[in-house]
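Worksheet for the structure shown next.
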2 protein chains.
Amino acid sequence: MRTIRKTTKSQRTPTTEIRGLILDASKRIIEEDGYDAFTIRLLSEKADVSPASIYRHIGDKQAVINALIDDSFQTLREKLLRVTTEDPLQRLYDAGVVYRGHAKASPGIYALLWRWHAGEASEACLAAMTELVRYGQAAGKIRRDDPHLIAWSIWSAVHGFVQFETRPEHDTPVDDDDAAYSFLLRLLIRGVRAPETVSEGTATIADTSRS
Amino acid sequence: MRTIRKTTKSQRTPTTEIRGLILDASKRIIEEDGYDAFTIRLLSEKADVSPASIYRHIGDKQAVINALIDDSFQTLREKLLRVTTEDPLQRLYDAGVVYRGHAKASPGIYALLWRWHAGEASEACLAAMTELVRYGQAAGKIRRDDPHLIAWSIWSAVHGFVQFETRPEHDTPVDDDDAAYSFLLRLLIRGVRAPETVSEGTATIADTSRS
């Protein structure tokens, strides 16, 4: 047992730094060894923080995973909020690119994001996406449907693509994933664009607003 | 050991029937007990087929799971091919409804579909979706982009929605999943609709065809 040495270390180290060490090592384990290999014992070794300190600063395995998930959603939210392209449809496109980049940077964490109840951090992330939609609606560029529903549709769609792409056994049936993702984003943007820019007399099921 | 009795049974039962018994019991285990609980021993009990017979007719655990996956993709393909609504955009919508129904009928199997290399059955399924797109293109209702890319975009998008919806810890942030899915399908259909029905002079990134 190395608990005594580690506890001594943790007593000298600020709480936020310990928490950072634990989360950084947790991310490495998830990406390099996989979720199934994740144990507090392995985490203790990789973070050089005692199990007792891990329990004190964050909690048990599930608490550490939950902290990773919250951290990932919060980081994604911050990245989305930094997308400030002026053109609303281009902003939506750029946000889509940011979303995919976030997932591909940590595919192991991405796979965990919805494995359990997605909490407030996930909701805050969706709220950031909804703001992107509202920005386009205020500019008259995005349809005046429920912005929350539009955001959820876009999130679902980009999630599907990214989930296919980041799964361990990657074998998407397209030659160029970058081009395919760009294609999907442009398809989605056409789907949410304000009907003012679409000619009349084309009423099909695709034009019907949600009743 | 019940091997002798079971082997006797399997010798009296046609191969296709044995295979059906094994796959039906496998589905029940995946949906009721979960993938992690799946063992050949449990399967043998639930299917009332000996382990030796399971190995002879299908193979080991992974072979049984692969057979389930292929079976699910083949069934989905057959369901999609039966969608023959005349209006091409409505046909696409109806196929989307069929896709979601297929996933929701067996969420446990659905979660397994992309856990490993998706093989020929998956490609045949995508080919059926691509045919739906080609039908709409032939009628001038769907954009003349690569039908394979359009089909893959739609598949990715509906997969994302359905994957969020069917995960064990269901907590989608919308009040009405049915309405949200209908909203997504209509969004996607607007996104793939032929540009002939869209007015000129609205060139944005969303209008730009893939170069």
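Chains: A, B, ... in order of the structure tokens. Residues: from 1 per chain. Ligands: from 1, in order shown.
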- Task: Would you kindly return, as a PyMOL selection string, each protein, DNA or RNA residue with an atom no farther than 12 Å from any atom of Ile189 of chain A, considering only C-alpha atoms and excluding same-chain residues fewer than 6 positions away?
- Result: (chain A and resi 88-96+133+136+141-143+150-151+153-154+157-158+182-183+195) or (chain B and resi 187-192+204-208)
Using only C-alpha atoms, which protein or nucleic acid residues come within 12 Å of Ile109 of chain B? Drop anything in the same chain fewer than 4 positions from it, and give the result as a short mmCIF file (atom, residue, chain, number, x, y, z; two decimals) with all heavy atoms, in the first residue's frame.
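Output below, filename selection_17.cif:
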data_model
loop_
_atom_site.label_atom_id
_atom_site.label_comp_id
_atom_site.auth_asym_id
_atom_site.auth_seq_id
_atom_site.Cartn_x
_atom_site.Cartn_y
_atom_site.Cartn_z
N LEU B 23 -31.32 -18.23 -32.49
CA LEU B 23 -31.37 -16.77 -32.68
C LEU B 23 -32.50 -16.14 -31.87
O LEU B 23 -32.31 -15.07 -31.29
CB LEU B 23 -31.50 -16.43 -34.17
CG LEU B 23 -30.27 -16.76 -35.02
CD1 LEU B 23 -30.48 -16.29 -36.46
CD2 LEU B 23 -29.00 -16.12 -34.44
N ASP B 24 -33.65 -16.80 -31.80
CA ASP B 24 -34.75 -16.24 -31.01
C ASP B 24 -34.36 -16.13 -29.54
O ASP B 24 -34.62 -15.11 -28.90
CB ASP B 24 -36.01 -17.13 -31.14
CG ASP B 24 -36.69 -16.95 -32.50
OD1 ASP B 24 -36.32 -15.99 -33.22
OD2 ASP B 24 -37.58 -17.75 -32.82
N SER B 26 -31.34 -15.95 -28.40
CA SER B 26 -30.28 -14.94 -28.30
C SER B 26 -30.87 -13.55 -28.20
O SER B 26 -30.43 -12.73 -27.39
CB SER B 26 -29.38 -15.01 -29.53
OG SER B 26 -28.74 -16.27 -29.62
N LYS B 27 -31.87 -13.29 -29.04
CA LYS B 27 -32.54 -11.97 -29.00
C LYS B 27 -33.15 -11.72 -27.63
O LYS B 27 -33.01 -10.63 -27.07
CB LYS B 27 -33.65 -11.91 -30.06
CG LYS B 27 -33.14 -11.75 -31.47
CD LYS B 27 -34.32 -11.75 -32.46
CE LYS B 27 -33.81 -12.06 -33.86
NZ LYS B 27 -34.89 -12.41 -34.80
N ARG B 28 -33.81 -12.75 -27.09
CA ARG B 28 -34.45 -12.56 -25.77
C ARG B 28 -33.39 -12.24 -24.72
O ARG B 28 -33.57 -11.37 -23.87
CB ARG B 28 -35.22 -13.83 -25.36
CG ARG B 28 -36.52 -14.02 -26.12
CD ARG B 28 -37.49 -14.94 -25.33
NE ARG B 28 -36.89 -16.22 -24.99
CZ ARG B 28 -36.83 -17.27 -25.82
NH1 ARG B 28 -37.32 -17.19 -27.04
NH2 ARG B 28 -36.28 -18.40 -25.42
N ILE B 29 -32.25 -12.92 -24.78
CA ILE B 29 -31.18 -12.68 -23.79
C ILE B 29 -30.67 -11.25 -23.92
O ILE B 29 -30.53 -10.53 -22.93
CB ILE B 29 -30.03 -13.69 -23.97
CG1 ILE B 29 -30.50 -15.10 -23.58
CG2 ILE B 29 -28.82 -13.28 -23.11
CD1 ILE B 29 -29.51 -16.20 -23.93
N ILE B 30 -30.41 -10.82 -25.16
CA ILE B 30 -29.88 -9.46 -25.37
C ILE B 30 -30.88 -8.42 -24.84
O ILE B 30 -30.48 -7.47 -24.15
CB ILE B 30 -29.60 -9.20 -26.87
CG1 ILE B 30 -28.50 -10.14 -27.39
CG2 ILE B 30 -29.22 -7.74 -27.11
CD1 ILE B 30 -27.13 -9.93 -26.81
N GLU B 31 -32.15 -8.60 -25.15
CA GLU B 31 -33.14 -7.59 -24.74
C GLU B 31 -33.47 -7.66 -23.26
O GLU B 31 -33.71 -6.64 -22.63
CB GLU B 31 -34.43 -7.72 -25.58
CG GLU B 31 -34.24 -7.54 -27.08
CD GLU B 31 -33.64 -6.20 -27.48
OE1 GLU B 31 -33.72 -5.23 -26.70
OE2 GLU B 31 -33.06 -6.12 -28.59
N GLU B 32 -33.49 -8.89 -22.69
CA GLU B 32 -33.96 -9.03 -21.31
C GLU B 32 -32.81 -9.02 -20.30
O GLU B 32 -32.94 -8.46 -19.22
CB GLU B 32 -34.77 -10.32 -21.15
CG GLU B 32 -36.11 -10.26 -21.88
CD GLU B 32 -36.75 -11.64 -22.06
OE1 GLU B 32 -36.33 -12.59 -21.35
OE2 GLU B 32 -37.64 -11.77 -22.93
N ASP B 33 -31.70 -9.65 -20.66
CA ASP B 33 -30.60 -9.77 -19.71
C ASP B 33 -29.42 -8.87 -20.06
O ASP B 33 -28.59 -8.56 -19.20
CB ASP B 33 -30.11 -11.23 -19.66
CG ASP B 33 -31.24 -12.21 -19.41
OD1 ASP B 33 -31.73 -12.28 -18.26
OD2 ASP B 33 -31.67 -12.88 -20.37
N GLY B 34 -29.33 -8.46 -21.32
CA GLY B 34 -28.23 -7.59 -21.74
C GLY B 34 -27.06 -8.39 -22.32
O GLY B 34 -26.88 -9.57 -22.01
N TYR B 35 -26.30 -7.72 -23.14
CA TYR B 35 -25.17 -8.35 -23.82
C TYR B 35 -24.17 -8.95 -22.83
O TYR B 35 -23.62 -10.04 -23.06
CB TYR B 35 -24.47 -7.34 -24.73
CG TYR B 35 -23.18 -7.85 -25.31
CD1 TYR B 35 -23.19 -8.77 -26.35
CD2 TYR B 35 -21.95 -7.44 -24.80
CE1 TYR B 35 -22.02 -9.28 -26.87
CE2 TYR B 35 -20.77 -7.94 -25.32
CZ TYR B 35 -20.81 -8.86 -26.35
OH TYR B 35 -19.65 -9.35 -26.85
N ILE B 65 -23.54 -13.68 -32.05
CA ILE B 65 -23.81 -12.24 -32.07
C ILE B 65 -23.75 -11.72 -33.52
O ILE B 65 -24.62 -10.94 -33.94
CB ILE B 65 -22.80 -11.48 -31.18
CG1 ILE B 65 -22.94 -11.93 -29.71
CG2 ILE B 65 -22.98 -9.97 -31.32
CD1 ILE B 65 -24.22 -11.50 -29.05
N ASN B 66 -22.75 -12.16 -34.26
CA ASN B 66 -22.64 -11.74 -35.66
C ASN B 66 -23.87 -12.16 -36.46
O ASN B 66 -24.35 -11.41 -37.32
CB ASN B 66 -21.38 -12.32 -36.30
CG ASN B 66 -20.12 -11.66 -35.79
OD1 ASN B 66 -20.17 -10.60 -35.16
ND2 ASN B 66 -18.97 -12.28 -36.04
N ALA B 67 -24.37 -13.37 -36.17
CA ALA B 67 -25.56 -13.85 -36.87
C ALA B 67 -26.77 -12.97 -36.53
O ALA B 67 -27.59 -12.65 -37.39
CB ALA B 67 -25.84 -15.31 -36.51
N LEU B 68 -26.85 -12.56 -35.24
CA LEU B 68 -27.94 -11.67 -34.82
C LEU B 68 -27.87 -10.34 -35.56
O LEU B 68 -28.88 -9.78 -35.98
CB LEU B 68 -27.82 -11.36 -33.32
CG LEU B 68 -28.40 -12.32 -32.31
CD1 LEU B 68 -28.28 -11.71 -30.92
CD2 LEU B 68 -29.85 -12.62 -32.63
N ILE B 69 -26.65 -9.81 -35.67
CA ILE B 69 -26.44 -8.52 -36.33
C ILE B 69 -26.82 -8.62 -37.80
O ILE B 69 -27.57 -7.79 -38.32
CB ILE B 69 -24.96 -8.08 -36.16
CG1 ILE B 69 -24.70 -7.72 -34.68
CG2 ILE B 69 -24.63 -6.90 -37.07
CD1 ILE B 69 -23.24 -7.47 -34.35
N ASP B 70 -26.33 -9.66 -38.47
CA ASP B 70 -26.66 -9.85 -39.88
C ASP B 70 -28.17 -9.99 -40.06
O ASP B 70 -28.76 -9.41 -40.98
CB ASP B 70 -25.96 -11.09 -40.44
CG ASP B 70 -24.48 -10.83 -40.70
OD1 ASP B 70 -24.06 -9.66 -40.63
OD2 ASP B 70 -23.76 -11.80 -40.98
N ASP B 71 -28.78 -10.75 -39.16
CA ASP B 71 -30.22 -10.98 -39.22
C ASP B 71 -30.97 -9.66 -39.08
O ASP B 71 -31.94 -9.40 -39.80
CB ASP B 71 -30.60 -11.95 -38.09
CG ASP B 71 -32.08 -12.28 -38.08
OD1 ASP B 71 -32.54 -12.92 -39.03
OD2 ASP B 71 -32.77 -11.87 -37.13
N SER B 72 -30.50 -8.80 -38.17
CA SER B 72 -31.17 -7.52 -37.93
C SER B 72 -31.05 -6.60 -39.16
O SER B 72 -32.03 -5.98 -39.58
CB SER B 72 -30.58 -6.84 -36.70
OG SER B 72 -31.23 -5.60 -36.47
N PHE B 73 -29.84 -6.54 -39.74
CA PHE B 73 -29.65 -5.72 -40.94
C PHE B 73 -30.49 -6.26 -42.10
O PHE B 73 -31.09 -5.49 -42.86
CB PHE B 73 -28.17 -5.68 -41.34
CG PHE B 73 -27.35 -4.65 -40.61
CD1 PHE B 73 -26.19 -5.02 -39.93
CD2 PHE B 73 -27.72 -3.31 -40.60
CE1 PHE B 73 -25.42 -4.06 -39.27
CE2 PHE B 73 -26.95 -2.36 -39.94
CZ PHE B 73 -25.80 -2.73 -39.27
N HIS B 102 -37.87 -0.30 -36.33
CA HIS B 102 -37.00 -1.48 -36.27
C HIS B 102 -36.06 -1.39 -35.07
O HIS B 102 -35.88 -2.37 -34.33
CB HIS B 102 -36.20 -1.57 -37.57
CG HIS B 102 -35.29 -2.76 -37.64
ND1 HIS B 102 -35.75 -4.04 -37.88
CD2 HIS B 102 -33.94 -2.87 -37.48
CE1 HIS B 102 -34.74 -4.89 -37.86
NE2 HIS B 102 -33.63 -4.20 -37.63
N ALA B 103 -35.46 -0.23 -34.87
CA ALA B 103 -34.52 -0.05 -33.75
C ALA B 103 -35.23 -0.17 -32.41
O ALA B 103 -34.74 -0.83 -31.48
CB ALA B 103 -33.83 1.30 -33.87
N LYS B 104 -36.40 0.46 -32.31
CA LYS B 104 -37.11 0.48 -31.03
C LYS B 104 -37.69 -0.89 -30.66
O LYS B 104 -37.90 -1.18 -29.49
CB LYS B 104 -38.22 1.53 -31.05
CG LYS B 104 -37.66 2.95 -31.03
CD LYS B 104 -38.75 3.98 -30.89
CE LYS B 104 -39.23 4.05 -29.46
NZ LYS B 104 -40.18 5.19 -29.27
N ALA B 105 -37.93 -1.72 -31.67
CA ALA B 105 -38.46 -3.06 -31.40
C ALA B 105 -37.40 -3.94 -30.72
O ALA B 105 -37.73 -4.85 -29.97
CB ALA B 105 -38.94 -3.71 -32.69
N LEU B 113 -25.36 -3.29 -33.26
CA LEU B 113 -25.19 -3.34 -34.72
C LEU B 113 -23.84 -2.80 -35.18
O LEU B 113 -23.28 -3.29 -36.14
CB LEU B 113 -26.32 -2.57 -35.42
CG LEU B 113 -27.71 -3.22 -35.38
CD1 LEU B 113 -28.69 -2.43 -36.24
CD2 LEU B 113 -27.67 -4.67 -35.83
N TRP B 114 -23.35 -1.76 -34.49
CA TRP B 114 -22.08 -1.18 -34.95
C TRP B 114 -20.97 -1.39 -33.95
O TRP B 114 -20.00 -0.66 -33.92
CB TRP B 114 -22.25 0.30 -35.26
CG TRP B 114 -23.12 0.49 -36.44
CD1 TRP B 114 -22.74 0.49 -37.74
CD2 TRP B 114 -24.52 0.70 -36.45
NE1 TRP B 114 -23.82 0.67 -38.56
CE2 TRP B 114 -24.92 0.80 -37.79
CE3 TRP B 114 -25.49 0.81 -35.45
CZ2 TRP B 114 -26.25 1.02 -38.16
CZ3 TRP B 114 -26.80 1.02 -35.81
CH2 TRP B 114 -27.17 1.12 -37.16
N ARG B 115 -21.13 -2.38 -33.08
CA ARG B 115 -20.11 -2.59 -32.06
C ARG B 115 -18.87 -3.25 -32.65
O ARG B 115 -17.78 -3.12 -32.14
CB ARG B 115 -20.71 -3.46 -30.94
CG ARG B 115 -19.82 -3.56 -29.74
CD ARG B 115 -20.63 -3.90 -28.50
NE ARG B 115 -19.77 -4.30 -27.41
CZ ARG B 115 -20.17 -4.40 -26.16
NH1 ARG B 115 -21.42 -4.11 -25.84
NH2 ARG B 115 -19.35 -4.79 -25.22
N GLN B 163 -30.32 6.37 -31.62
CA GLN B 163 -29.36 5.91 -30.63
C GLN B 163 -29.54 6.66 -29.29
O GLN B 163 -29.50 6.06 -28.22
CB GLN B 163 -27.94 6.12 -31.17
CG GLN B 163 -26.93 5.13 -30.63
CD GLN B 163 -26.01 5.75 -29.61
OE1 GLN B 163 -25.79 6.95 -29.62
NE2 GLN B 163 -25.47 4.95 -28.74
N THR B 166 -32.87 5.15 -27.78
CA THR B 166 -32.96 3.74 -27.35
C THR B 166 -31.90 3.37 -26.33
O THR B 166 -31.87 2.24 -25.88
CB THR B 166 -32.80 2.78 -28.55
OG1 THR B 166 -31.56 3.05 -29.21
CG2 THR B 166 -33.95 2.93 -29.53
N ARG B 167 -31.02 4.30 -25.95
CA ARG B 167 -30.01 3.92 -24.96
C ARG B 167 -30.73 3.64 -23.63
O ARG B 167 -31.80 4.18 -23.37
CB ARG B 167 -28.96 5.02 -24.83
CG ARG B 167 -29.45 6.28 -24.21
CD ARG B 167 -28.58 7.47 -24.53
NE ARG B 167 -29.01 8.60 -23.73
CZ ARG B 167 -28.60 8.82 -22.49
NH1 ARG B 167 -27.71 8.03 -21.93
NH2 ARG B 167 -29.07 9.83 -21.78
#
- DSSP helix (DSSP H, G or I) residues within chain B, as a ChimeraX atom specification: /B:3-12,15-32,35-37,40-47,51-57,61-81,88-105,107-112,120-138,147-166,177-192,195-197
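Between atom CA of Ala25 of chain A and atom CA of Ala63 of chain A lies a distance of 14.5 Å.
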- Message: Between atom CA of His148 of chain B and atom CA of Trp116 of chain B, what distance in Å does the model show, to one decimal?
- Response: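 Going from atom CA of His148 of chain B over to atom CA of Trp116 of chain B, I get 21.9 Å.
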Env of Ile18 of chain A: 8 Å cut, atoms = only C-alpha atoms, seq-sep filter 4 positions within chain, self excluded. Answer as a PDB file with C-alpha atoms, in the first residue's frame.
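Once everything was written out, this is selection-v9.pdb:
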ATOM      1  CA  SER A  10      -2.099  15.199  -1.707  1.00  0.00           C
ATOM      2  CA  THR A  13      -0.977  19.789  -3.407  1.00  0.00           C
ATOM      3  CA  PRO A  14      -3.865  22.213  -3.996  1.00  0.00           C
ATOM      4  CA  ILE A  22      -6.951  12.669 -11.553  1.00  0.00           C
ATOM      5  CA  VAL A  49      -2.461  10.118  -6.452  1.00  0.00           C
ATOM      6  CA  HIS A  57     -11.374  14.695  -4.096  1.00  0.00           C
TER       7      HIS A  57
END
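Going from atom CA of His159 of chain B over to atom CA of Glu120 of chain A, you cover 23.8 Å.
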- Item | Residues within 9 Å of Gly140 of chain A, only C-alpha atoms, excluding chain neighbours under 4 positions, as a PyMOL selection string | chain A and resi 135-136+144+193-194+196
